[in-house]
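Trainee: Handing you this structure, nothing more for now.
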Amino acid sequence: MEQLHHLEARMRSCTEYLTIKTQTRSEFRNLTPEIEKIVAASGVKEGLCLVNAMHITASVYINDNESGLLADYEDWLEQLAPHAPTSRYRHNRTGEDNGDAHLKRQVMGREVVVAITASKLDLGPWEQIFYGEFDGRRPKRVLVKVLGE
Amino acid sequence: MEQLHHLEARMRSCTEYLTIKTQTRSEFRNLTPEIEKIVAASGVKEGLCLVNAMHITASVYINDNESGLLADYEDWLEQLAPHAPTSRYRHNRTGEDNGDAHLKRQVMGREVVVAITASKLDLGPWEQIFYGEFDGRRPKRVLVKVLGE
Amino acid sequence: MEQLHHLEARMRSCTEYLTIKTQTRSEFRNLTPEIEKIVAASGVKEGLCLVNAMHITASVYINDNESGLLADYEDWLEQLAPHAPTSRYRHNRTGEDNGDAHLKRQVMGREVVVAITASKLDLGPWEQIFYGEFDGRRPKRVLVKVLGE
């Protein structure tokens, strides 16, 4: 009996990589359905799910899937860290033009950690997992790591 | 002997939901004592504790429990993402007036992950776990997930 | 056979504390090599690595190890939350002069959670784990917690 309980509580983990290539420099994409599938396939009943951008000019964050809000984020981030003039950022002296994207990503964050409860992402009513791209038009990866029992 | 060690190292998890209803639109609340109780009750000795807002106009973050600082945060966030005029945000065309709250929450963050060491939250000397509300006066939930051994 | 699998999948954890004392008020330091050593020594093959500042005027974040960018971060944070005049912050009425540092730290974040895959930090090509100090010149601690199998 103890042994059975024990087997049930053994650790499981699962790692997946999503590749995202946006059409425009800046774009938001809802990753929730894809993450839900990965969690279901992992067999983890109770645990944690880490979702992070693997690139440093993109974000993974949780907020509302509402088009007005996504436009507000875009305007607001442009105000906090304008793209132009690109000479504004010392980082751009390396030949890059994405200094602003490294700043925007800090405001929106690199990663989210979401609870898995009863085999599902334990999200609030409006919580959606978003990818935020600030220097797109090239393939970038998002890591999903599931850890639990 | 091996079996004993083994039993000690089996995984445990625990999930709790706190409900918070603030009196004012914007408010900060120290959650540390409640989280400490949940960790103690979980029986986890070594692990991680995730604490996240389940609503997208509120934050969970870690910083100082000092009233001057909390007032500074309020002023600073109002400067970075003013509430009024509410027409400033496209999100508010949906009939909401909380566009600013969705932005403020991104600055302060959705979640914290805290280490559990020797059965306790492994916090630095001034670290306190705070709930930051930016669109309150209605019940909202905070999720606490403990995972470890 | 089942028993063997079971042993392989038992949980491991490891906790380390780094102490950092910067020469200047504000400074960025690349922690990646130290974290890599801790992960290698932990014996964890699949899991999560939490790295967090234990002090509330410092950050742990992930971004590029490029000197121009680090200077851009410094300028940008100074613009978002200026140090002077120190009377600007109510927190400083306590006798402190680090009100700005508590705000800067919120923009850059407290912690990162990094996946461990095949016994290594599962970082993207340019991802480096940084310590960001905003009120230095005294010893401060960073916590590293590894949890996995």
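Just so we're on the same page: first chain in the structure tokens is A, next is B, and so on; residues restart at 1 for each chain, and ligands are numbered from 1 in the order they show up.
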Excluding same-chain residues fewer than 4 positions from B:Trp126, what lies within 7 Å of it counting only C-alpha atoms, as a PDB file with N, CA and C atoms, in the first residue's frame?
Mentor:
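The new file out-v2.pdb reads:
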ATOM      1  N   ASP B  64       9.834  45.435   0.516  1.00  0.00           N
ATOM      2  CA  ASP B  64       9.847  45.866   1.915  1.00  0.00           C
ATOM      3  C   ASP B  64       8.441  46.166   2.445  1.00  0.00           C
TER       4      ASP B  64
ATOM      5  N   HIS C  55      17.925  40.358  -1.236  1.00  0.00           N
ATOM      6  CA  HIS C  55      17.805  41.746  -0.777  1.00  0.00           C
ATOM      7  C   HIS C  55      16.902  42.488  -1.747  1.00  0.00           C
ATOM      8  N   ILE C  56      16.237  43.518  -1.249  1.00  0.00           N
ATOM      9  CA  ILE C  56      15.104  44.089  -1.966  1.00  0.00           C
ATOM     10  C   ILE C  56      15.457  45.345  -2.770  1.00  0.00           C
TER      11      ILE C  56
END
Trainee: Can you pull out every residue from chain A that DSSP, working from the backbone, puts in strand (DSSP E), and format the result as number ranges by chain?
Mentor: A: 12-20, 27-30, 47-53, 58-63, 111-117, 120-121, 128-133, 140-148
Trainee: Let's have the selection written as an mmCIF file, in the first residue's frame, with C-alpha atoms.
Mentor:
data_model
loop_
_atom_site.group_PDB
_atom_site.id
_atom_site.type_symbol
_atom_site.label_atom_id
_atom_site.label_comp_id
_atom_site.auth_asym_id
_atom_site.auth_seq_id
_atom_site.Cartn_x
_atom_site.Cartn_y
_atom_site.Cartn_z
ATOM 1 C CA ARG A 12 7.965 13.305 -13.702
ATOM 2 C CA SER A 13 9.351 15.928 -15.990
ATOM 3 C CA CYS A 14 8.848 16.942 -19.587
ATOM 4 C CA THR A 15 10.585 19.480 -21.845
ATOM 5 C CA GLU A 16 9.283 20.979 -25.065
ATOM 6 C CA TYR A 17 10.460 23.772 -27.341
ATOM 7 C CA LEU A 18 8.111 25.892 -29.432
ATOM 8 C CA THR A 19 9.429 27.868 -32.393
ATOM 9 C CA ILE A 20 7.824 31.199 -33.201
ATOM 10 C CA GLU A 27 3.710 41.019 -31.961
ATOM 11 C CA PHE A 28 1.783 39.230 -29.236
ATOM 12 C CA ARG A 29 0.717 35.590 -29.498
ATOM 13 C CA ASN A 30 -1.465 33.485 -27.210
ATOM 14 C CA GLY A 47 3.400 20.331 -10.276
ATOM 15 C CA LEU A 48 4.814 23.425 -11.890
ATOM 16 C CA CYS A 49 5.042 24.507 -15.519
ATOM 17 C CA LEU A 50 7.787 26.943 -16.506
ATOM 18 C CA VAL A 51 7.341 28.777 -19.820
ATOM 19 C CA ASN A 52 10.160 31.114 -20.863
ATOM 20 C CA ALA A 53 11.426 32.955 -23.887
ATOM 21 C CA ALA A 58 11.068 38.560 -26.278
ATOM 22 C CA SER A 59 8.840 37.917 -23.270
ATOM 23 C CA VAL A 60 6.500 35.308 -21.898
ATOM 24 C CA TYR A 61 3.881 36.858 -19.624
ATOM 25 C CA ILE A 62 0.322 36.290 -18.459
ATOM 26 C CA ASN A 63 -2.484 38.741 -19.067
ATOM 27 C CA GLU A 111 9.023 33.741 -17.925
ATOM 28 C CA VAL A 112 5.953 32.537 -16.107
ATOM 29 C CA VAL A 113 5.631 29.683 -13.649
ATOM 30 C CA VAL A 114 2.131 28.215 -13.586
ATOM 31 C CA ALA A 115 0.754 25.666 -11.122
ATOM 32 C CA ILE A 116 -0.551 22.341 -12.415
ATOM 33 C CA THR A 117 -3.438 21.081 -10.287
ATOM 34 C CA LYS A 120 -4.421 21.012 -15.652
ATOM 35 C CA LEU A 121 -2.894 24.499 -15.783
ATOM 36 C CA GLN A 128 -3.724 33.596 -20.748
ATOM 37 C CA ILE A 129 -0.066 32.795 -21.415
ATOM 38 C CA PHE A 130 1.315 35.192 -24.009
ATOM 39 C CA TYR A 131 4.458 35.439 -26.057
ATOM 40 C CA GLY A 132 5.545 39.046 -26.559
ATOM 41 C CA GLU A 133 7.930 39.668 -29.442
ATOM 42 C CA LYS A 140 12.828 32.141 -31.882
ATOM 43 C CA ARG A 141 12.247 29.469 -29.272
ATOM 44 C CA VAL A 142 10.107 29.190 -26.160
ATOM 45 C CA LEU A 143 10.934 26.529 -23.568
ATOM 46 C CA VAL A 144 8.223 24.643 -21.677
ATOM 47 C CA LYS A 145 9.327 22.574 -18.678
ATOM 48 C CA VAL A 146 6.870 20.552 -16.649
ATOM 49 C CA LEU A 147 7.950 19.166 -13.276
ATOM 50 C CA GLY A 148 5.809 17.326 -10.788
#
Trainee: Would you give me, as a list of chain:residue names, the residues of chain B that come within 6 Å of chain A, using only C-alpha atoms?
Mentor: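 Here is what falls inside 6 Å: B:Met11, B:Met54, B:His55, B:Ile56, B:Arg90, B:His91, B:Gln106, B:Val107.
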Trainee: Could you check which of B:Asn65, B:Arg25, B:Gly136, B:Pro85 is closest to C:His102, using only C-alpha atoms?
Mentor: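 Of B:Asn65, B:Arg25, B:Gly136, B:Pro85, the one nearest C:His102 is B:Asn65, counting only C-alpha atoms.
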Trainee: Counting only C-alpha atoms, which of B:Ala40, B:Ala84, B:Glu34, B:Ala101 gets nearest to B:Ala118?
Mentor: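 Closest to B:Ala118 of all the choices is B:Ala40.
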Trainee: Have a look at atom CA of C:Pro82 and atom CA of C:Leu103 and let me know their distance in Å, one decimal.
Mentor: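 The value is 9.5 Å.
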Trainee: Just give me the gap between atom CA of C:Glu78 and atom CA of C:Ser26 in Å, one decimal is fine.
Mentor: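 Going from atom CA of C:Glu78 over to atom CA of C:Ser26, I get 10.3 Å.
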Trainee: Check the DSSP output for the backbone and give back, as a ChimeraX atom specification, the residues of stretch 21-97 of chain C in helix (DSSP H, G or I).
Mentor: /C:32-42,67-80,86-88,90-94
Trainee: What would the file look like if the residues just selected were written as a PDB file, in the first residue's frame with C-alpha atoms?
Mentor:
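So again-v6.pdb came out as:
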ATOM      1  CA  THR C  32      26.118  32.249 -15.062  1.00  0.00           C
ATOM      2  CA  PRO C  33      29.444  30.421 -14.504  1.00  0.00           C
ATOM      3  CA  GLU C  34      28.788  30.113 -10.753  1.00  0.00           C
ATOM      4  CA  ILE C  35      25.227  28.870 -11.275  1.00  0.00           C
ATOM      5  CA  GLU C  36      26.439  26.330 -13.830  1.00  0.00           C
ATOM      6  CA  LYS C  37      28.850  24.900 -11.247  1.00  0.00           C
ATOM      7  CA  ILE C  38      26.120  24.609  -8.620  1.00  0.00           C
ATOM      8  CA  VAL C  39      23.824  22.804 -11.061  1.00  0.00           C
ATOM      9  CA  ALA C  40      26.592  20.389 -12.084  1.00  0.00           C
ATOM     10  CA  ALA C  41      27.394  19.629  -8.415  1.00  0.00           C
ATOM     11  CA  SER C  42      23.715  19.096  -7.534  1.00  0.00           C
ATOM     12  CA  SER C  67      28.574  46.263 -22.063  1.00  0.00           C
ATOM     13  CA  GLY C  68      26.569  48.764 -24.149  1.00  0.00           C
ATOM     14  CA  LEU C  69      23.329  47.154 -23.029  1.00  0.00           C
ATOM     15  CA  LEU C  70      24.373  47.229 -19.377  1.00  0.00           C
ATOM     16  CA  ALA C  71      25.022  50.980 -19.721  1.00  0.00           C
ATOM     17  CA  ASP C  72      21.632  51.376 -21.436  1.00  0.00           C
ATOM     18  CA  TYR C  73      19.938  49.606 -18.528  1.00  0.00           C
ATOM     19  CA  GLU C  74      21.645  51.933 -16.078  1.00  0.00           C
ATOM     20  CA  ASP C  75      20.530  55.077 -17.969  1.00  0.00           C
ATOM     21  CA  TRP C  76      17.019  53.810 -18.550  1.00  0.00           C
ATOM     22  CA  LEU C  77      16.416  52.801 -14.946  1.00  0.00           C
ATOM     23  CA  GLU C  78      17.767  56.163 -13.778  1.00  0.00           C
ATOM     24  CA  GLN C  79      15.220  57.802 -16.046  1.00  0.00           C
ATOM     25  CA  LEU C  80      12.333  55.632 -14.822  1.00  0.00           C
ATOM     26  CA  THR C  86      16.343  61.660  -2.585  1.00  0.00           C
ATOM     27  CA  SER C  87      13.539  63.712  -0.972  1.00  0.00           C
ATOM     28  CA  ARG C  88      11.405  62.560  -3.898  1.00  0.00           C
ATOM     29  CA  ARG C  90       8.769  58.921   1.109  1.00  0.00           C
ATOM     30  CA  HIS C  91      10.763  55.776   1.852  1.00  0.00           C
ATOM     31  CA  ASN C  92      13.823  57.984   2.332  1.00  0.00           C
ATOM     32  CA  ARG C  93      12.199  59.705   5.324  1.00  0.00           C
ATOM     33  CA  THR C  94      13.217  56.579   7.247  1.00  0.00           C
TER      34      THR C  94
END
Trainee: Mind pulling up the distance from atom CA of A:Glu96 to atom CA of C:Arg105?
Mentor: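 So the two atoms, atom CA of C:Arg105 and atom CA of A:Glu96, lie 26.3 Å apart.
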